[in-house]
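One structure is given here, and the rest of the page talks about it.
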Amino acid sequence: MTPKIKLSCRNVWKLYGGNAETLLRRTPGPSADDIRNAGVIGAVRNANIDIAEGEIFIIMGLSGSGKSTLVRCLSRLIEPTGGEVLFDGADLLRASEKELIEIRRHKMGMVFQHFALLPHLTVLQNVMFPLTIQATPKEEAEAKAREVVELVGLKGREDYYPRELSGGQQQRVGIARSLVTEPDLWFLDEPFSALDPLIRREMQDEFLRLQERLHKTIVFITHDFEEAVRLADRIAIMKDGEVIQIATPEELVMNPATDYVEEFTRHIPRSKVLTIGGIMNSGTSGEGEPIPRATRVSDVAEKIIASDNPIPVSDDSGQIVGTIDRKAVARVLFGERGAA
Amino acid sequence: MTRLNRSQFVILTLVLITIVLGYYGRDLGKALDARWLTKFPSAWVIPFKSYISAAMTWLIEDAAIGPIAFTDVTRSVAWLIEQPYNLVLALLADGFVSGQGNEATVILPAISWIVVITAVIALGQYCRDWALAALVGACFIYLAVFGQWDSAMVTLASVLIAVPIGAGGGLMLGILAYRHPVFEKIISPILDLMQTIPIFAYLVPILFMFGFGPISALVATIIYATPPMVRITTLALKAVDPEILDFGRMAGTTHRQLMWRVLVPSASQSLMVGVNQVIMLTLNMVIIASMIGAGGLGFDVLAALRRLDIGAGFEAGIAIVVLAIAVDRLSQAFAERMGQVHHEQPGSWVARHRRTVLVLILLVVTWVLGQFSSLLLEYPESQTITTGAFWDNTVEYLNVNYFDVFEAIKVFFLTWFMIPIKTVLLGIPWPWAIAMLTLLGWHAGGWRLALLCGGMASLILVSGLWSKAMVTVYLCGASVILATLIGVPLGVLAALNKKAGAVISLLIDTLQTLPSFVYLIPVVMLFRVGDFTALIAIVLYALAPAVRYAAHGVRSVSGELIEAGLVSGCTRTQLLRHIRLPMALPEILLGINQTIMLALSMLVITALVGTRDLGQEVYIALTKADTGRGLVAGLSIAFIAIIADQLINAGARQARIRFGLEN
């Protein structure tokens, strides 16, 4: 069964410059040269993405690669120059102003890199804000806000002002605020980039914990490949406004589409990306407690190496589908490039 | 000696030719029998002033859209401003009165001085702390003790009306400009012009439309004080973090919600800076506004100045400063408080509003008991102090004992500095002057700037004000040169030495809070009327930006560059000469630009001490209520300001590009 597609974009272009629209009308698929010759900047070029319901979809790219522009096209904060954005099957770009406001009020939430908290409101008022502007009754709004504040672990700080909180806590407020309307679609624009490495890690764990409970459809932007690998179901890598590969972290590492992607994956410890299922041997022998196939190699490497015999690998239903031994693990850990 | 490259050589030659031409211009004109070279023939003048005066008359007498005449519009505007003004004036100064003239009976007297002082102290404590409360309390007590209370309350009433209208109107216009870029494009040059035309120039049409009286004065004040608020609003809204804007839209706000619940609160701190500006400009206008009918402290100063009564003028002037300090500090503290974190205190309404309750109780008590003792309502006149005699005596003493010294200084500056500049400027043949200006514009900013410079200079020429404009340029130029020579070193010193910095910044702050007229009084007393007096007053008034910008420029040179200089073995002087000053140059240029603007705005005021420039032309137009003459002269001053501003900005931009600070 293929999962339902929640959000997809078809041939989305965002060109900046005076004659951007004429260019796109005249040549529907302009090449990089066409764009340069027309004196236009191609921030997003022909993006095609399908995001499934309940999936964590990460858009990864360095600064200037167009990832922020793309996510703003998906949420229509920026009007794309061409293409369509289908949200629950309807073209978002054709929604009227009124419809768009309704969609944003009820179905979308967004978290920002620098938190974007309103400085004049307390934590609770900030979290309540999306409900306040919908004229939700005050008691109801407050109850809901308190609930999400507790969910993100800020109970007891409701009456603080944003500047009294640390960066990590501020982003928790941002997260709570984006969840208070119970949206289906959750945009996170580099939510942890402005945080210290230690806090970042903690927030990533917190994010995974939340997603386990909430099952949102998530579009997550980052420039940190490690973060992408840690969190993503699938990753889209962008460069110069183009999506150059969309794949699971494992596929990216195993089959990078271009040298550029490979460059990214090179410095990532493979053991943290590859799953046992990806490197297992065939057969059903082996002894000991079976390891689920989706487990990351790094999590069980020690156990496998300590065992003299192969260990069985199970699939989601508990069926044994293969075995894993220390040789396969060592190849991952110590670099198969050298070994092969 | 470094060798000059070609373009530097050309520039130097042109400058020398201009100076020589200027010095011998008049003789040259006579020798060639072409006096029109230095004196624009009156037959060629286009009578702009008559056109404008005729248009004004038409506007007042005939203009109408359907049944609504233009005068109806002005009358209803006046009525709208008059209502709140009368209310506040009654509360603070006049009391509520029924009936007219002798039959008038007081229904409710004005708020007692005791209550007002308590209220400002409470406000000071609420906004920051007891220190501020003490300061503003002292300011208001000063007003009462020195017998300035009644005038000060009249002035305060007009401030209380002008500030909300100016700030509110400015906010609305600013929001409009933020929302509609087209509107911003339209309003931006108008704002530029409004800030460069001397206020006197539009006093005349306002006088025409609203008549002599406090309402005219309020309208002029509002027009004068609003432009910075418009600008700051637009800037502040644009400066709101784009993520906050994105958040607001993603939360599904309507346009109105986005503006009032997201953008405006997020920008509130910058907006309060704008409000503070409005307050300060309003107080700046106090004296000028009294020329078209505002009462209060401004009127006292102006009357004293006309009588050359230094003591009284100085006292009223100081009272304006004191009032300005109190209002300024209060509004700044209030703005800070808005930006700070404050948690609501628990308890009943009374417990949370103790200060308000106290003030209200006092108000009722003084009103009731005031029936029996007028002390509670008005500060007793017998207890006031005056320092007028002291100031009179001081000036007299200085004049009697140091007359020769003052005279020597004056003569020295006139002969060696001012008169040569004046001769040169008045002697330059106008075709050459316009050509040079156009060339300069082209060199600094391309053909558009060249066109602007040439065009505006030509307009001044054909309106027949060339020689007066040259006197303006001379007076302004001489003052700016002096102000720069004094101000920039002071600024550099302030940036390099902390102790000196504190002293200098105090001095500059004081100079800036004094209303421009106040400078004139002592200077006139010491040097009598004339160009030198005007020069000193202008330098004092226009010094501040030169100092501030130079200090800021030197301070903000990046620490890495200084360290790079240090490790290459620079001495302190070398560090200053090769790193600090060149890097601070763009800022210093901007400071000089501001100095020019302030000098030009001071020109009209110095017309009171008998200069013969465009300022005097505007002043005469005001006394004769000649709209055309006033506007043409005012616009000429504005053109000079715009040319200077554009040229210097272009120069500063070139410098920044050269240093890689901008591209």
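Here, A, B, ... name the chains of the structure tokens in the order displayed, residue numbers run from 1 inside each chain, and ligands are numbered from 1 in the same displayed order.
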(request) For chain A, report every residue with an atom at most 9 Å from chain B (counting only C-alpha atoms), formatted as a count of residues only. (result) 35
(message) Using only C-alpha atoms, which protein or nucleic acid residues come within 9 Å of A:Leu252? Drop anything in the same chain fewer than 6 positions from it, and give the result as a ChimeraX atom specification.
(response) /A:235,245-246,261-262,265
(request) Tell me which protein, DNA and RNA residues are within 7 Å of B:Pro429, counting only C-alpha atoms, leaving out same-chain ones fewer than 3 positions away, and put them as a list in words. (result) Gly25, Leu37, Thr38, Trp432 and Ala433 of chain B
(request) Using only C-alpha atoms, find the one residue out of B:Leu160, B:Met259, B:Ala225, B:Ala138 that sits nearest to B:Tyr178. (result) B:Met259
Need to verify the contact set: A:Lys216, 7 Å, only C-alpha atoms, exclusion of same-chain residues closer than 6 positions in sequence. Can you return it as a CSV table (one decimal) with C-alpha atoms, in the first residue's frame?
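File produced: result.csv:
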chain,number,residue,atom,x,y,z
A,54,GLY,CA,3.2,11.1,8.4
A,184,ASP,CA,-1.6,18.4,9.7
A,185,LEU,CA,1.4,19.8,8.0
A,186,TRP,CA,4.3,21.0,10.0
(request) Enumerate the residues of stretch 272-330 of chain A with a DSSP assignment of strand (DSSP E), computed from the backbone, and present them as a ChimeraX atom specification. (result) /A:291-292,311-314,320-324
Just the selected residues (N, CA and C atoms), exported as a PDB file, in the first residue's frame, please.
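Listing of selection-v6.pdb after writing:
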ATOM      1  N   ILE A 291      17.995  -9.195  15.440  1.00  0.00           N
ATOM      2  CA  ILE A 291      18.068  -7.722  15.390  1.00  0.00           C
ATOM      3  C   ILE A 291      17.098  -7.236  14.325  1.00  0.00           C
ATOM      4  N   PRO A 292      16.247  -6.229  14.651  1.00  0.00           N
ATOM      5  CA  PRO A 292      15.334  -5.700  13.617  1.00  0.00           C
ATOM      6  C   PRO A 292      16.145  -5.107  12.462  1.00  0.00           C
ATOM      7  N   ILE A 311      24.454 -13.256  13.688  1.00  0.00           N
ATOM      8  CA  ILE A 311      23.233 -13.012  14.448  1.00  0.00           C
ATOM      9  C   ILE A 311      22.095 -12.875  13.445  1.00  0.00           C
ATOM     10  N   PRO A 312      20.923 -13.472  13.751  1.00  0.00           N
ATOM     11  CA  PRO A 312      19.815 -13.363  12.794  1.00  0.00           C
ATOM     12  C   PRO A 312      19.248 -11.933  12.734  1.00  0.00           C
ATOM     13  N   VAL A 313      18.680 -11.596  11.564  1.00  0.00           N
ATOM     14  CA  VAL A 313      18.039 -10.296  11.361  1.00  0.00           C
ATOM     15  C   VAL A 313      16.564 -10.524  11.077  1.00  0.00           C
ATOM     16  N   SER A 314      15.706  -9.736  11.769  1.00  0.00           N
ATOM     17  CA  SER A 314      14.270  -9.923  11.574  1.00  0.00           C
ATOM     18  C   SER A 314      13.676  -8.716  10.863  1.00  0.00           C
ATOM     19  N   ILE A 320      12.548 -13.994  10.395  1.00  0.00           N
ATOM     20  CA  ILE A 320      13.995 -13.911  10.149  1.00  0.00           C
ATOM     21  C   ILE A 320      14.217 -13.765   8.645  1.00  0.00           C
ATOM     22  N   VAL A 321      14.949 -12.698   8.251  1.00  0.00           N
ATOM     23  CA  VAL A 321      15.147 -12.482   6.813  1.00  0.00           C
ATOM     24  C   VAL A 321      16.608 -12.550   6.404  1.00  0.00           C
ATOM     25  N   GLY A 322      17.531 -12.700   7.348  1.00  0.00           N
ATOM     26  CA  GLY A 322      18.952 -12.745   6.979  1.00  0.00           C
ATOM     27  C   GLY A 322      19.807 -12.829   8.225  1.00  0.00           C
ATOM     28  N   THR A 323      21.124 -12.786   8.025  1.00  0.00           N
ATOM     29  CA  THR A 323      22.027 -12.809   9.169  1.00  0.00           C
ATOM     30  C   THR A 323      23.059 -11.705   9.016  1.00  0.00           C
ATOM     31  N   ILE A 324      23.672 -11.410  10.141  1.00  0.00           N
ATOM     32  CA  ILE A 324      24.699 -10.393  10.116  1.00  0.00           C
ATOM     33  C   ILE A 324      25.892 -10.892  10.912  1.00  0.00           C
TER      34      ILE A 324
END
(request) Select, from B:Leu575, B:Ile320, B:Ile419, B:Ile310, the residue with the minimum atom-to-atom distance to B:Asn284, counting only C-alpha atoms. (result) B:Ile320
(message) Show me, as JSON, numbers by chain, the residues that have an atom within 12 Å of B:Ala435 when counting only C-alpha atoms, minus same-chain residues fewer than 3 positions from it.
(response) {"B": [14, 18, 428, 429, 430, 431, 432, 438, 439, 440, 441, 442, 450, 451, 453, 454, 455, 457, 458]}
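In this comparison, which uses only C-alpha atoms, the residue of B:Val116, B:Ala641, B:Leu426, B:Ala500 approaching B:Lys39 most closely is B:Leu426.
One distance worth recording is that between atom CA of B:Ala34 and atom CA of B:Met470, which is 19.4 Å.
As for atom CA of B:Ala110 and atom CA of B:Leu305, they are spaced 29.4 Å apart.
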(request) Just the residues within 9 Å of A:Glu287, please, counting only C-alpha atoms, with nothing from its chain fewer than 2 positions along; format it as number ranges by chain. (result) A: 285, 289-290, 309-312
Okay, now the selection with C-alpha atoms, as a compact mmCIF listing (two decimals), in the first residue's frame?
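Result file again.txt:
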# COMPACT_ATOMS: atom_id res chain seq x y z
CA SER A 285 20.92 -19.30 10.39
CA GLU A 289 18.27 -12.49 19.86
CA PRO A 290 17.30 -11.34 16.31
CA ASN A 309 28.75 -16.30 15.25
CA PRO A 310 26.35 -14.53 12.87
CA ILE A 311 23.23 -13.01 14.45
CA PRO A 312 19.82 -13.36 12.79
Residues at most 12 Å from stretch 44-49 of chain B, counting only C-alpha atoms, excluding those fewer than 3 positions away in the same chain, as a compact mmCIF listing (two decimals) with C-alpha atoms, in the first residue's frame?
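Saved the output as out_25.txt:
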# COMPACT_ATOMS: atom_id res chain seq x y z
CA TRP B 36 25.22 90.79 -15.80
CA LYS B 39 24.54 90.44 -11.10
CA PHE B 40 21.62 88.67 -12.68
CA PRO B 41 19.57 91.33 -14.53
CA ILE B 52 2.40 81.68 -5.96
CA SER B 53 0.70 84.57 -4.21
CA ALA B 54 -2.02 84.60 -6.86
CA ALA B 55 -2.50 80.86 -6.49
CA MET B 56 -2.78 81.26 -2.73
CA SER B 458 19.33 77.73 -12.30
CA LEU B 459 15.92 77.91 -10.61
CA ILE B 460 17.41 79.97 -7.80
CA LEU B 461 19.03 82.18 -10.41
CA VAL B 462 15.89 82.87 -12.43
CA SER B 463 13.84 83.59 -9.36
CA GLY B 464 16.14 86.55 -8.82
CA LEU B 465 17.62 85.42 -5.51
CA TRP B 466 21.15 84.61 -6.68
CA GLU B 617 13.92 87.19 2.87
CA VAL B 618 11.74 84.53 4.50
CA ALA B 621 7.84 87.65 3.99
CA ASP B 626 3.65 87.59 1.64
CA THR B 627 3.10 83.95 0.72
CA GLY B 628 4.85 83.99 -2.64
CA ARG B 629 7.97 85.70 -1.42
CA GLY B 630 8.24 83.43 1.62
CA LEU B 631 7.77 80.20 -0.32
CA VAL B 632 10.20 81.13 -3.10
CA ALA B 633 12.91 82.09 -0.63
CA GLY B 634 12.13 79.02 1.49
CA LEU B 635 12.34 76.74 -1.52
CA SER B 636 15.64 78.34 -2.50
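One finds atom CA of B:Ala220 at 28.8 Å from atom CA of B:Leu452.
Considering only C-alpha atoms, the residue among A:Val273, A:Leu124, A:Ala47, A:Leu70 positioned nearest to A:Phe187 is A:Leu70.
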(message) I need the residues in stretch 44-98 of chain B that are alpha helix (DSSP H) according to DSSP; give them as a count of residues only.
(response) 34
(request) Rank A:Met203, A:Val148, A:Ile59, A:Ala143 by their smallest atom-to-atom distance to A:Gln171, using only C-alpha atoms, and report the top residue only. (result) A:Met203
